[in-house]
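Trainee: This is upload_33.cif, which holds mmCIF, C-alpha atoms, pLDDT in the B column; chains and numbers go by the auth columns:
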```cif
data_data
loop_
_atom_site.group_PDB
_atom_site.id
_atom_site.type_symbol
_atom_site.label_atom_id
_atom_site.label_comp_id
_atom_site.label_asym_id
_atom_site.label_seq_id
_atom_site.Cartn_x
_atom_site.Cartn_y
_atom_site.Cartn_z
_atom_site.B_iso_or_equiv
_atom_site.auth_seq_id
_atom_site.auth_asym_id
ATOM 1 C CA MET A 1 77.008 93.665 -112.999 59.00 398 A
ATOM 2 C CA TYR A 2 74.474 93.224 -110.209 65.00 399 A
ATOM 3 C CA ARG A 3 75.435 96.651 -108.869 65.00 400 A
ATOM 4 C CA ARG A 4 73.861 98.024 -112.062 75.00 401 A
ATOM 5 C CA PRO A 5 70.494 96.306 -112.632 76.00 402 A
ATOM 6 C CA GLU A 6 69.891 98.344 -115.769 81.00 403 A
ATOM 7 C CA LEU A 7 72.962 96.673 -117.276 89.00 404 A
ATOM 8 C CA TYR A 8 71.642 93.252 -116.300 92.00 405 A
ATOM 9 C CA ASP A 9 68.498 93.888 -118.321 93.00 406 A
ATOM 10 C CA ALA A 10 70.498 95.389 -121.179 93.00 407 A
ATOM 11 C CA ILE A 11 72.973 92.492 -121.406 94.00 408 A
ATOM 12 C CA TYR A 12 70.149 89.943 -121.419 94.00 409 A
ATOM 13 C CA SER A 13 67.840 91.897 -123.721 93.00 410 A
ATOM 14 C CA PHE A 14 68.144 89.045 -126.240 93.00 411 A
ATOM 15 C CA LYS A 15 65.884 86.906 -124.015 96.00 412 A
ATOM 16 C CA ASP A 16 62.198 86.747 -124.949 98.00 413 A
ATOM 17 C CA TYR A 17 60.765 86.791 -121.436 98.00 414 A
ATOM 18 C CA LYS A 18 57.161 86.833 -122.603 98.00 415 A
ATOM 19 C CA LYS A 19 57.627 83.771 -124.797 98.00 416 A
ATOM 20 C CA GLU A 20 59.396 81.939 -121.972 98.00 417 A
ATOM 21 C CA ALA A 21 56.699 82.910 -119.456 98.00 418 A
ATOM 22 C CA ASP A 22 53.914 81.803 -121.806 98.00 419 A
ATOM 23 C CA LEU A 23 55.573 78.419 -122.303 98.00 420 A
ATOM 24 C CA LEU A 24 56.184 78.092 -118.574 98.00 421 A
ATOM 25 C CA HIS A 25 52.508 78.811 -117.910 98.00 422 A
ATOM 26 C CA GLN A 26 51.471 76.087 -120.342 98.00 423 A
ATOM 27 C CA ILE A 27 53.755 73.566 -118.655 98.00 424 A
ATOM 28 C CA ILE A 28 52.570 74.496 -115.169 98.00 425 A
ATOM 29 C CA GLN A 29 48.941 74.167 -116.142 98.00 426 A
ATOM 30 C CA SER A 30 49.507 70.798 -117.794 98.00 427 A
ATOM 31 C CA LYS A 31 51.457 69.322 -114.865 98.00 428 A
ATOM 32 C CA LYS A 32 50.099 70.662 -111.592 98.00 429 A
ATOM 33 C CA HIS A 33 47.210 69.099 -109.689 97.00 430 A
ATOM 34 C CA SER A 34 46.824 71.720 -106.961 98.00 431 A
ATOM 35 C CA THR A 35 43.952 74.154 -107.353 96.00 432 A
ATOM 36 C CA GLY A 36 45.654 77.400 -106.296 97.00 433 A
ATOM 37 C CA ASN A 37 47.595 79.935 -108.370 98.00 434 A
ATOM 38 C CA LYS A 38 50.476 81.055 -106.135 98.00 435 A
ATOM 39 C CA LEU A 39 53.902 81.127 -107.789 99.00 436 A
ATOM 40 C CA LEU A 40 57.373 81.657 -106.316 99.00 437 A
ATOM 41 C CA ASP A 41 60.178 82.689 -108.685 99.00 438 A
ATOM 42 C CA ILE A 42 63.517 81.834 -107.051 98.00 439 A
ATOM 43 C CA ALA A 43 66.523 83.856 -108.245 98.00 440 A
ATOM 44 C CA CYS A 44 63.981 86.183 -109.830 98.00 441 A
ATOM 45 C CA GLY A 45 66.510 88.836 -110.853 96.00 442 A
ATOM 46 C CA THR A 46 64.842 92.038 -112.023 96.00 443 A
ATOM 47 C CA GLY A 47 61.407 90.395 -112.245 98.00 444 A
ATOM 48 C CA ARG A 48 61.188 90.083 -116.012 98.00 445 A
ATOM 49 C CA HIS A 49 59.490 86.665 -115.947 98.00 446 A
ATOM 50 C CA ILE A 50 57.136 87.792 -113.175 98.00 447 A
ATOM 51 C CA GLU A 51 56.179 90.773 -115.329 98.00 448 A
ATOM 52 C CA HIS A 52 54.332 88.290 -117.550 98.00 449 A
ATOM 53 C CA LEU A 53 53.536 85.465 -115.123 98.00 450 A
ATOM 54 C CA LYS A 54 51.618 87.819 -112.819 98.00 451 A
ATOM 55 C CA GLN A 55 48.822 87.838 -115.413 98.00 452 A
ATOM 56 C CA HIS A 56 48.105 84.237 -114.400 98.00 453 A
ATOM 57 C CA TYR A 57 49.478 83.854 -110.867 98.00 454 A
ATOM 58 C CA GLU A 58 49.829 85.544 -107.521 98.00 455 A
ATOM 59 C CA CYS A 59 53.590 85.953 -107.784 98.00 456 A
ATOM 60 C CA GLU A 60 56.398 86.345 -105.279 98.00 457 A
ATOM 61 C CA GLY A 61 60.115 86.545 -105.997 98.00 458 A
ATOM 62 C CA LEU A 62 63.241 85.673 -104.043 98.00 459 A
ATOM 63 C CA ASP A 63 66.794 86.773 -104.792 97.00 460 A
ATOM 64 C CA THR A 64 70.060 87.458 -102.952 96.00 461 A
ATOM 65 C CA SER A 65 70.712 90.801 -104.682 95.00 462 A
ATOM 66 C CA PRO A 66 69.083 93.904 -103.159 94.00 463 A
ATOM 67 C CA GLN A 67 69.889 95.863 -106.320 94.00 464 A
ATOM 68 C CA LEU A 68 68.068 93.406 -108.578 95.00 465 A
ATOM 69 C CA LEU A 69 65.175 93.159 -106.133 97.00 466 A
ATOM 70 C CA LYS A 70 64.729 96.930 -106.193 96.00 467 A
ATOM 71 C CA ALA A 71 64.395 96.780 -109.976 95.00 468 A
ATOM 72 C CA ALA A 72 61.947 93.865 -109.662 97.00 469 A
ATOM 73 C CA ARG A 73 59.799 95.801 -107.171 98.00 470 A
ATOM 74 C CA ASP A 74 59.801 98.893 -109.365 97.00 471 A
ATOM 75 C CA ARG A 75 58.699 96.770 -112.325 97.00 472 A
ATOM 76 C CA ASN A 76 56.090 94.781 -110.360 98.00 473 A
ATOM 77 C CA PRO A 77 54.903 96.943 -107.436 98.00 474 A
ATOM 78 C CA GLU A 78 51.881 94.714 -106.817 98.00 475 A
ATOM 79 C CA CYS A 79 54.071 91.648 -106.141 98.00 476 A
ATOM 80 C CA HIS A 80 55.993 90.626 -103.025 98.00 477 A
ATOM 81 C CA PHE A 81 59.780 90.218 -103.195 98.00 478 A
ATOM 82 C CA ILE A 82 62.065 88.726 -100.552 98.00 479 A
ATOM 83 C CA GLU A 83 65.829 88.946 -100.122 98.00 480 A
ATOM 84 C CA GLY A 84 67.064 85.447 -99.372 97.00 481 A
ATOM 85 C CA ASP A 85 69.283 82.519 -100.315 97.00 482 A
ATOM 86 C CA MET A 86 67.711 79.666 -102.277 98.00 483 A
ATOM 87 C CA CYS A 87 69.648 77.144 -100.172 97.00 484 A
ATOM 88 C CA PHE A 88 68.257 78.244 -96.804 96.00 485 A
ATOM 89 C CA PHE A 89 65.046 80.258 -97.213 98.00 486 A
ATOM 90 C CA GLU A 90 61.973 79.639 -95.037 98.00 487 A
ATOM 91 C CA LEU A 91 58.775 81.510 -95.879 98.00 488 A
ATOM 92 C CA GLY A 92 56.285 79.422 -93.932 97.00 489 A
ATOM 93 C CA ARG A 93 53.813 79.024 -96.798 98.00 490 A
ATOM 94 C CA TRP A 94 53.098 76.892 -99.849 98.00 491 A
ATOM 95 C CA PHE A 95 53.084 77.755 -103.538 98.00 492 A
ATOM 96 C CA ASP A 96 51.418 75.930 -106.407 98.00 493 A
ATOM 97 C CA ALA A 97 54.456 76.485 -108.613 98.00 494 A
ATOM 98 C CA VAL A 98 58.062 77.041 -107.571 99.00 495 A
ATOM 99 C CA VAL A 99 60.340 77.982 -110.468 98.00 496 A
ATOM 100 C CA CYS A 100 64.087 78.588 -110.744 98.00 497 A
ATOM 101 C CA LEU A 101 65.069 79.723 -114.228 98.00 498 A
ATOM 102 C CA PHE A 102 67.980 80.735 -116.469 97.00 499 A
ATOM 103 C CA SER A 103 70.340 78.171 -114.881 97.00 500 A
ATOM 104 C CA ALA A 104 70.509 80.037 -111.565 98.00 501 A
ATOM 105 C CA ILE A 105 70.452 76.664 -109.811 98.00 502 A
ATOM 106 C CA GLY A 106 74.114 76.251 -110.795 98.00 503 A
ATOM 107 C CA TYR A 107 75.109 78.812 -108.170 98.00 504 A
ATOM 108 C CA VAL A 108 74.434 76.291 -105.384 98.00 505 A
ATOM 109 C CA ARG A 109 77.765 74.808 -106.564 98.00 506 A
ATOM 110 C CA THR A 110 77.865 71.430 -104.753 98.00 507 A
ATOM 111 C CA PHE A 111 75.736 68.297 -104.961 98.00 508 A
ATOM 112 C CA ASP A 112 74.952 68.405 -101.227 98.00 509 A
ATOM 113 C CA ALA A 113 73.782 72.011 -101.609 98.00 510 A
ATOM 114 C CA LEU A 114 71.727 71.012 -104.667 98.00 511 A
ATOM 115 C CA LYS A 115 69.926 68.348 -102.633 98.00 512 A
ATOM 116 C CA SER A 116 69.231 70.670 -99.699 97.00 513 A
ATOM 117 C CA THR A 117 68.056 73.417 -102.075 98.00 514 A
ATOM 118 C CA LEU A 118 65.597 71.110 -103.833 98.00 515 A
ATOM 119 C CA MET A 119 64.332 70.092 -100.395 98.00 516 A
ATOM 120 C CA ARG A 120 63.630 73.778 -99.648 98.00 517 A
ATOM 121 C CA PHE A 121 61.781 74.048 -102.967 98.00 518 A
ATOM 122 C CA ALA A 122 59.673 70.993 -102.141 98.00 519 A
ATOM 123 C CA VAL A 123 58.896 72.180 -98.602 98.00 520 A
ATOM 124 C CA HIS A 124 57.405 75.338 -100.108 98.00 521 A
ATOM 125 C CA THR A 125 55.352 73.469 -102.737 98.00 522 A
ATOM 126 C CA ALA A 126 51.701 72.639 -102.137 98.00 523 A
ATOM 127 C CA PRO A 127 50.564 69.006 -102.517 98.00 524 A
ATOM 128 C CA GLY A 128 49.958 68.512 -106.226 98.00 525 A
ATOM 129 C CA GLY A 129 52.054 71.567 -107.030 98.00 526 A
ATOM 130 C CA VAL A 130 55.081 71.670 -109.310 98.00 527 A
ATOM 131 C CA VAL A 131 58.754 72.596 -109.151 98.00 528 A
ATOM 132 C CA LEU A 132 60.373 73.670 -112.425 98.00 529 A
ATOM 133 C CA VAL A 133 64.138 74.125 -112.663 98.00 530 A
ATOM 134 C CA GLU A 134 66.064 75.238 -115.725 98.00 531 A
ATOM 135 C CA PRO A 135 69.419 73.490 -115.214 98.00 532 A
ATOM 136 C CA TRP A 136 72.860 74.830 -115.841 98.00 533 A
ATOM 137 C CA VAL A 137 74.789 73.019 -118.580 96.00 534 A
ATOM 138 C CA PHE A 138 75.188 69.343 -117.714 97.00 535 A
ATOM 139 C CA ALA A 139 78.672 68.270 -116.668 97.00 536 A
ATOM 140 C CA ASN A 140 79.269 66.207 -119.818 96.00 537 A
ATOM 141 C CA GLN A 141 78.204 69.095 -122.081 95.00 538 A
ATOM 142 C CA TYR A 142 80.274 71.934 -120.610 96.00 539 A
ATOM 143 C CA ARG A 143 82.933 73.269 -122.973 96.00 540 A
ATOM 144 C CA GLU A 144 86.158 74.865 -121.830 97.00 541 A
ATOM 145 C CA GLY A 145 88.157 77.447 -123.724 97.00 542 A
ATOM 146 C CA LEU A 146 85.238 79.367 -125.180 97.00 543 A
ATOM 147 C CA ILE A 147 85.267 83.136 -125.459 97.00 544 A
ATOM 148 C CA SER A 148 82.077 85.120 -125.925 96.00 545 A
ATOM 149 C CA MET A 149 80.999 88.749 -126.063 96.00 546 A
ATOM 150 C CA ASN A 150 77.773 90.687 -125.585 95.00 547 A
ATOM 151 C CA THR A 151 77.455 94.337 -126.531 96.00 548 A
ATOM 152 C CA VAL A 152 74.828 96.995 -125.899 95.00 549 A
ATOM 153 C CA ASP A 153 74.720 100.122 -128.061 96.00 550 A
ATOM 154 C CA GLU A 154 72.341 102.703 -126.591 94.00 551 A
ATOM 155 C CA PRO A 155 72.330 106.451 -127.328 96.00 552 A
ATOM 156 C CA THR A 156 73.416 107.389 -123.805 95.00 553 A
ATOM 157 C CA TYR A 157 75.677 104.461 -122.913 94.00 554 A
ATOM 158 C CA LYS A 158 77.633 101.554 -124.365 95.00 555 A
ATOM 159 C CA VAL A 159 78.477 98.206 -122.753 95.00 556 A
ATOM 160 C CA ALA A 160 80.748 95.358 -123.751 96.00 557 A
ATOM 161 C CA ARG A 161 80.999 92.130 -121.774 96.00 558 A
ATOM 162 C CA MET A 162 83.523 89.430 -122.625 97.00 559 A
ATOM 163 C CA ASN A 163 84.087 86.146 -120.850 97.00 560 A
ATOM 164 C CA THR A 164 86.092 82.958 -121.057 97.00 561 A
ATOM 165 C CA THR A 165 85.166 79.477 -119.834 97.00 562 A
ATOM 166 C CA ARG A 166 87.244 76.961 -117.943 97.00 563 A
ATOM 167 C CA ARG A 167 86.747 74.114 -115.527 97.00 564 A
ATOM 168 C CA GLU A 168 88.099 73.635 -112.030 97.00 565 A
ATOM 169 C CA GLY A 169 87.096 70.204 -110.772 96.00 566 A
ATOM 170 C CA ASP A 170 83.300 70.129 -110.591 96.00 567 A
ATOM 171 C CA PHE A 171 82.971 73.886 -111.147 98.00 568 A
ATOM 172 C CA ALA A 172 82.370 75.839 -114.333 98.00 569 A
ATOM 173 C CA VAL A 173 84.396 79.040 -114.018 98.00 570 A
ATOM 174 C CA MET A 174 83.648 82.104 -116.109 97.00 571 A
ATOM 175 C CA ASP A 175 85.810 85.202 -115.866 96.00 572 A
ATOM 176 C CA PHE A 176 83.974 88.329 -117.054 96.00 573 A
ATOM 177 C CA ARG A 177 85.341 91.730 -118.061 96.00 574 A
ATOM 178 C CA TYR A 178 82.940 94.664 -118.412 95.00 575 A
ATOM 179 C CA THR A 179 83.507 97.990 -120.160 96.00 576 A
ATOM 180 C CA PHE A 180 80.848 100.642 -119.548 95.00 577 A
ATOM 181 C CA GLY A 181 80.949 104.017 -121.231 96.00 578 A
ATOM 182 C CA THR A 182 78.910 107.205 -120.996 95.00 579 A
ATOM 183 C CA SER A 183 79.588 110.843 -121.835 97.00 580 A
ATOM 184 C CA ASN A 184 81.135 111.109 -118.361 96.00 581 A
ATOM 185 C CA GLY A 185 83.815 108.541 -119.097 97.00 582 A
ATOM 186 C CA ILE A 186 84.605 104.848 -119.339 97.00 583 A
ATOM 187 C CA GLU A 187 84.936 102.370 -116.501 94.00 584 A
ATOM 188 C CA THR A 188 85.895 98.707 -116.472 95.00 585 A
ATOM 189 C CA TRP A 189 85.567 95.955 -113.902 94.00 586 A
ATOM 190 C CA SER A 190 85.931 92.208 -113.621 94.00 587 A
ATOM 191 C CA ASP A 191 83.643 89.544 -112.230 93.00 588 A
ATOM 192 C CA ARG A 192 83.941 85.802 -111.704 94.00 589 A
ATOM 193 C CA SER A 193 81.180 83.214 -111.678 95.00 590 A
ATOM 194 C CA GLU A 194 81.513 79.672 -110.374 97.00 591 A
ATOM 195 C CA LEU A 195 78.649 77.271 -111.081 98.00 592 A
ATOM 196 C CA GLY A 196 78.343 73.647 -110.079 98.00 593 A
ATOM 197 C CA LEU A 197 78.537 71.089 -112.857 98.00 594 A
ATOM 198 C CA PHE A 198 75.965 68.336 -112.271 98.00 595 A
ATOM 199 C CA THR A 199 74.806 65.442 -114.389 98.00 596 A
ATOM 200 C CA GLN A 200 71.183 64.978 -115.369 98.00 597 A
ATOM 201 C CA ALA A 201 71.116 61.955 -113.056 98.00 598 A
ATOM 202 C CA GLU A 202 72.312 64.084 -110.125 98.00 599 A
ATOM 203 C CA TYR A 203 69.537 66.606 -110.706 98.00 600 A
ATOM 204 C CA GLU A 204 67.003 63.786 -110.826 98.00 601 A
ATOM 205 C CA VAL A 205 68.384 62.250 -107.627 98.00 602 A
ATOM 206 C CA ALA A 206 68.053 65.622 -105.871 98.00 603 A
ATOM 207 C CA PHE A 207 64.458 65.929 -107.059 98.00 604 A
ATOM 208 C CA GLY A 208 63.696 62.387 -105.954 98.00 605 A
ATOM 209 C CA GLU A 209 65.213 62.823 -102.484 98.00 606 A
ATOM 210 C CA ALA A 210 63.031 65.927 -102.107 98.00 607 A
ATOM 211 C CA GLY A 211 59.987 63.722 -102.681 98.00 608 A
ATOM 212 C CA LEU A 212 59.173 65.019 -106.163 98.00 609 A
ATOM 213 C CA GLU A 213 57.944 62.903 -109.075 98.00 610 A
ATOM 214 C CA THR A 214 60.292 64.040 -111.829 97.00 611 A
ATOM 215 C CA GLU A 215 60.500 64.226 -115.598 98.00 612 A
ATOM 216 C CA PHE A 216 62.882 65.977 -117.964 98.00 613 A
ATOM 217 C CA ASP A 217 61.870 68.129 -120.917 98.00 614 A
ATOM 218 C CA GLU A 218 64.915 68.097 -123.225 96.00 615 A
ATOM 219 C CA GLN A 219 64.128 71.390 -124.973 95.00 616 A
ATOM 220 C CA GLY A 220 62.849 73.420 -122.052 97.00 617 A
ATOM 221 C CA LEU A 221 62.499 77.175 -122.448 97.00 618 A
ATOM 222 C CA ILE A 222 65.745 78.058 -124.229 96.00 619 A
ATOM 223 C CA GLY A 223 67.272 74.728 -125.215 94.00 620 A
ATOM 224 C CA ARG A 224 68.953 73.878 -121.891 93.00 621 A
ATOM 225 C CA GLY A 225 66.156 71.558 -120.841 97.00 622 A
ATOM 226 C CA LEU A 226 63.707 71.792 -117.957 98.00 623 A
ATOM 227 C CA LEU A 227 63.382 69.569 -114.896 98.00 624 A
ATOM 228 C CA ILE A 228 59.745 69.203 -113.857 98.00 625 A
ATOM 229 C CA GLY A 229 58.888 67.827 -110.448 98.00 626 A
ATOM 230 C CA ARG A 230 55.430 67.327 -108.984 98.00 627 A
ATOM 231 C CA LYS A 231 54.758 66.969 -105.281 98.00 628 A
ATOM 232 C CA PRO A 232 52.397 64.042 -104.619 97.00 629 A
ATOM 233 C CA ASP A 233 48.805 65.071 -103.952 91.00 630 A
#
```
I need this file expressed as structure tokens, please.
Mentor:
Amino acid sequence: MYRRPELYDAIYSFKDYKKEADLLHQIIQSKKHSTGNKLLDIACGTGRHIEHLKQHYECEGLDTSPQLLKAARDRNPECHFIEGDMCFFELGRWFDAVVCLFSAIGYVRTFDALKSTLMRFAVHTAPGGVVLVEPWVFANQYREGLISMNTVDEPTYKVARMNTTRREGDFAVMDFRYTFGTSNGIETWSDRSELGLFTQAEYEVAFGEAGLETEFDEQGLIGRGLLIGRKPD
């Protein structure tokens, strides 16, 4: 799907990015002690959250996908976007808020990688700044054997995405099948996602080892919860 950023936005059109960004802004303002307004959105995708957060912050985005980054730059030409891996990035500057949303943190896959990734987040956070991570489904809440479908019905194209869920050890495995149709024909392709399954305690340990004072908001932005860490002043 990442080869077609317009499909990414279409598939996830059910998300209310403005509502999520407004709530995120409220949380940031209530938790951070730093005085700046620089924000880094890690795994920023096509820049839909930044589209609203840039009203309040000097925003930058980081993602591994050049296709999604192109869409993010087109949507937010005044913002800076970097191609990079959340596990290893080094930008050489601090941000007052570092956010990683929509469960993208699950793609680090292993607990060791989770800890090193949170350390990278903390290194890039100003004293008194905050790190906000929307976790993937906790290990004890993941359900196998589900099948789901999203459809998009536009005048010039149609999309159907189906997926199943299963578990392989500590990984959540989702096998996707896409069908994309236009007046020029129909194409199909498959994709596979593997996300690490971590407990709430493991997330909190990773935050703590990164030197962040941590709390957990059970509701979060979309019901998956939100881990909130603050770097000591």
Trainee: With only C-alpha atoms as the basis for distance, which of A:Trp586, A:Tyr414, A:Phe492, A:Phe573 is at the shortest distance from A:Ala519?
Mentor: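 Of A:Trp586, A:Tyr414, A:Phe492, A:Phe573, the one nearest A:Ala519 is A:Phe492, counting only C-alpha atoms.
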Trainee: Taking (48.1, 67.0, -103.9) in the coordinates of the supplied file, I want to know which residues reach to within 9 Å of it, counting only C-alpha atoms; could you give the answer as a PyMOL selection string?
Mentor: chain A and resi 429-432+523-526+627-630
Trainee: What would the selection look like, as a list in words, if the PyMOL selection byres ((chain A and resi 453) around 10) were run on the coordinates I just shared?
Mentor: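 Output of the PyMOL selection byres ((chain A and resi 453) around 10): Asp419, His422, Asn434, Lys435, Leu436, Ile447, His449, Leu450, Lys451, Gln452, Tyr454, Glu455 and Cys456 of chain A.
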Trainee: Expand the PyMOL selection byres ((chain A and resi 476-481) around 9) into the individual residues it matches in the shown file, reporting them as a PyMOL selection string.
Mentor: chain A and resi 441+447+451+455-463+466-467+469-470+473-475+482-487
Trainee: Leaving out stretch 568-570 of chain A and any residue of its chain fewer than 4 positions from it, which residues lie within 12 Å of it when counting all atoms listed in the file, given as a compact mmCIF listing (two decimals) with C-alpha atoms, in the frame of the given file?
Mentor:
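Output file result_10.txt follows:
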```
# COMPACT_ATOMS: atom_id res chain seq x y z
CA GLY A 503 74.11 76.25 -110.80
CA TYR A 504 75.11 78.81 -108.17
CA VAL A 505 74.43 76.29 -105.38
CA ARG A 506 77.76 74.81 -106.56
CA THR A 507 77.86 71.43 -104.75
CA PHE A 508 75.74 68.30 -104.96
CA TRP A 533 72.86 74.83 -115.84
CA VAL A 534 74.79 73.02 -118.58
CA PHE A 535 75.19 69.34 -117.71
CA ALA A 536 78.67 68.27 -116.67
CA ASN A 537 79.27 66.21 -119.82
CA GLN A 538 78.20 69.10 -122.08
CA TYR A 539 80.27 71.93 -120.61
CA ARG A 540 82.93 73.27 -122.97
CA GLU A 541 86.16 74.86 -121.83
CA GLY A 542 88.16 77.45 -123.72
CA LEU A 543 85.24 79.37 -125.18
CA ASN A 560 84.09 86.15 -120.85
CA THR A 561 86.09 82.96 -121.06
CA THR A 562 85.17 79.48 -119.83
CA ARG A 563 87.24 76.96 -117.94
CA ARG A 564 86.75 74.11 -115.53
CA ASP A 588 83.64 89.54 -112.23
CA ARG A 589 83.94 85.80 -111.70
CA SER A 590 81.18 83.21 -111.68
CA GLU A 591 81.51 79.67 -110.37
CA LEU A 592 78.65 77.27 -111.08
CA GLY A 593 78.34 73.65 -110.08
CA LEU A 594 78.54 71.09 -112.86
CA PHE A 595 75.96 68.34 -112.27
```
Trainee: Could you check which of A:Val496, A:Met546, A:Ala440, A:Val556 is closest to A:Glu403, using all atoms listed in the file?
Mentor: A:Val556
Trainee: Please compute the atom CA of A:Leu465-atom CA of A:Asp413 distance, one decimal, in Å.
Mentor: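 Between atom CA of A:Leu465 and atom CA of A:Asp413 the gap is 18.6 Å.
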Trainee: Take the PyMOL selection byres ((chain A and resi 606) around 12), apply it to the structure above, and return the hits as a PDB file with C-alpha atoms, in the coordinates of the input.
Mentor:
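Done, and the output landed in out13.pdb:
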```
ATOM      1  CA  ASP A 509      74.952  68.405-101.227  1.00 98.00           C
ATOM      2  CA  LEU A 511      71.727  71.012-104.667  1.00 98.00           C
ATOM      3  CA  LYS A 512      69.926  68.348-102.633  1.00 98.00           C
ATOM      4  CA  SER A 513      69.231  70.670 -99.699  1.00 97.00           C
ATOM      5  CA  THR A 514      68.056  73.417-102.075  1.00 98.00           C
ATOM      6  CA  LEU A 515      65.597  71.110-103.833  1.00 98.00           C
ATOM      7  CA  MET A 516      64.332  70.092-100.395  1.00 98.00           C
ATOM      8  CA  ARG A 517      63.630  73.778 -99.648  1.00 98.00           C
ATOM      9  CA  PHE A 518      61.781  74.048-102.967  1.00 98.00           C
ATOM     10  CA  ALA A 519      59.673  70.993-102.141  1.00 98.00           C
ATOM     11  CA  VAL A 520      58.896  72.180 -98.602  1.00 98.00           C
ATOM     12  CA  GLU A 599      72.312  64.084-110.125  1.00 98.00           C
ATOM     13  CA  TYR A 600      69.537  66.606-110.706  1.00 98.00           C
ATOM     14  CA  GLU A 601      67.003  63.786-110.826  1.00 98.00           C
ATOM     15  CA  VAL A 602      68.384  62.250-107.627  1.00 98.00           C
ATOM     16  CA  ALA A 603      68.053  65.622-105.871  1.00 98.00           C
ATOM     17  CA  PHE A 604      64.458  65.929-107.059  1.00 98.00           C
ATOM     18  CA  GLY A 605      63.696  62.387-105.954  1.00 98.00           C
ATOM     19  CA  ALA A 607      63.031  65.927-102.107  1.00 98.00           C
ATOM     20  CA  GLY A 608      59.987  63.722-102.681  1.00 98.00           C
ATOM     21  CA  LEU A 609      59.173  65.019-106.163  1.00 98.00           C
ATOM     22  CA  GLU A 610      57.944  62.903-109.075  1.00 98.00           C
ATOM     23  CA  THR A 611      60.292  64.040-111.829  1.00 97.00           C
ATOM     24  CA  GLY A 626      58.888  67.827-110.448  1.00 98.00           C
ATOM     25  CA  LYS A 628      54.758  66.969-105.281  1.00 98.00           C
TER      26      LYS A 628
END
```
Trainee: Select, from A:Arg621, A:Arg490, A:Arg472, A:Arg401, the residue with the minimum atom-to-atom distance to A:Tyr575, counting all atoms listed in the file.
Mentor: A:Arg401
Trainee: With only C-alpha atoms as the basis for distance, which of A:Pro402, A:Pro552, A:Gly617, A:Gly433 is at the shortest distance from A:Asp471?
Mentor: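 With only C-alpha atoms as the atom set, the closest residue is A:Pro402.
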Trainee: Around all the atoms of stretch 469-482 of chain A listed in the file, draw an axis-aligned box and extend it by 3 Å on each of the six sides; I want its centre and edge lengths in Å to one decimal, as AutoDock Vina command-line options.
Mentor:
```
--center_x 60.6 --center_y 90.7 --center_z -105.8 --size_x 23.4 --size_y 22.4 --size_z 19.0
```
